[in-house]
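What follows is a single structure, written as structure tokens, with notes after it.
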Amino acid sequence: MSESSVMPMSDGMSAKTMEGFEAAWAAVNVPREGEGVSPELRPRLADVYRDIAVKPFSANALKASFENLLTYLLGAGRTNANCWAVDLFFCVCEGWSPDWTHYDLPEPFNQVIAMMGEALNAAVRDPELAGSLNSLPEQILEAVRQLPGDEEVAA
């Protein structure tokens, strides 16, 4: 999904899913060392949240959402506050009902989510640490590109 094709966060979300996302966003949308979370991060996280929660599950859609989010974190979005927000979004699971581990995703997708909630928060302040834990945006993006597509998941 290209940056210009980021869907509005309400696209395909039920009212209950929107409420969950809003709670999750509120929990992570906090400044870090005086730096605010970029508003451009919100629709990207909303897309990932939607694609995790939606039934039926689409591997292709979730891969595209992950790629859009991580591509943003590789460029203009690579800020301490943004990396912290994404890390906490998946680590704390506040606003997820139940937490993301209960959505019956194929295991490789759970592994990517776990990578984002492990040490992505260190990507800007301590990239050596984040890199040693495979938690830099480029490392996670590489893992996303290895994820199975819809055809492989259905087989």
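Here, A, B, ... name the chains of the structure tokens in the order displayed, residue numbers run from 1 inside each chain, and ligands are numbered from 1 in the same displayed order.
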Write out as an MDAnalysis selection string each polymer residue whose atoms come within 8 Å of region 107-113 of chain A, counting only C-alpha atoms; drop sequence neighbours fewer than 2 positions from it. chainID A and resid 90 101 105 115:117 140 143:144 147:148
Write out as an MDAnalysis selection string the residues lying within 9 Å of Phe57 (chain A), counting only C-alpha atoms and excluding same-chain residues fewer than 5 positions away. chainID A and resid 51:52 62 105 150
Mind checking DSSP for chain A and telling me the alpha helix (DSSP H) residues as a ChimeraX atom specification? /A:15-28,41-53,59-74,80-91,107-116,127-132,137-145,150-154
Rounded to one decimal place, report the CA of Pro43 (chain A)-CA of Thr79 (chain A) distance in Å. 16.5 Å
So, with only C-alpha atoms as the atoms that count, which of A:Val37, A:Leu70, A:Ala123, A:Ala130 lies closest to Arg145 (chain A)?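 The answer is A:Leu70, which sits nearest to Arg145 (chain A).
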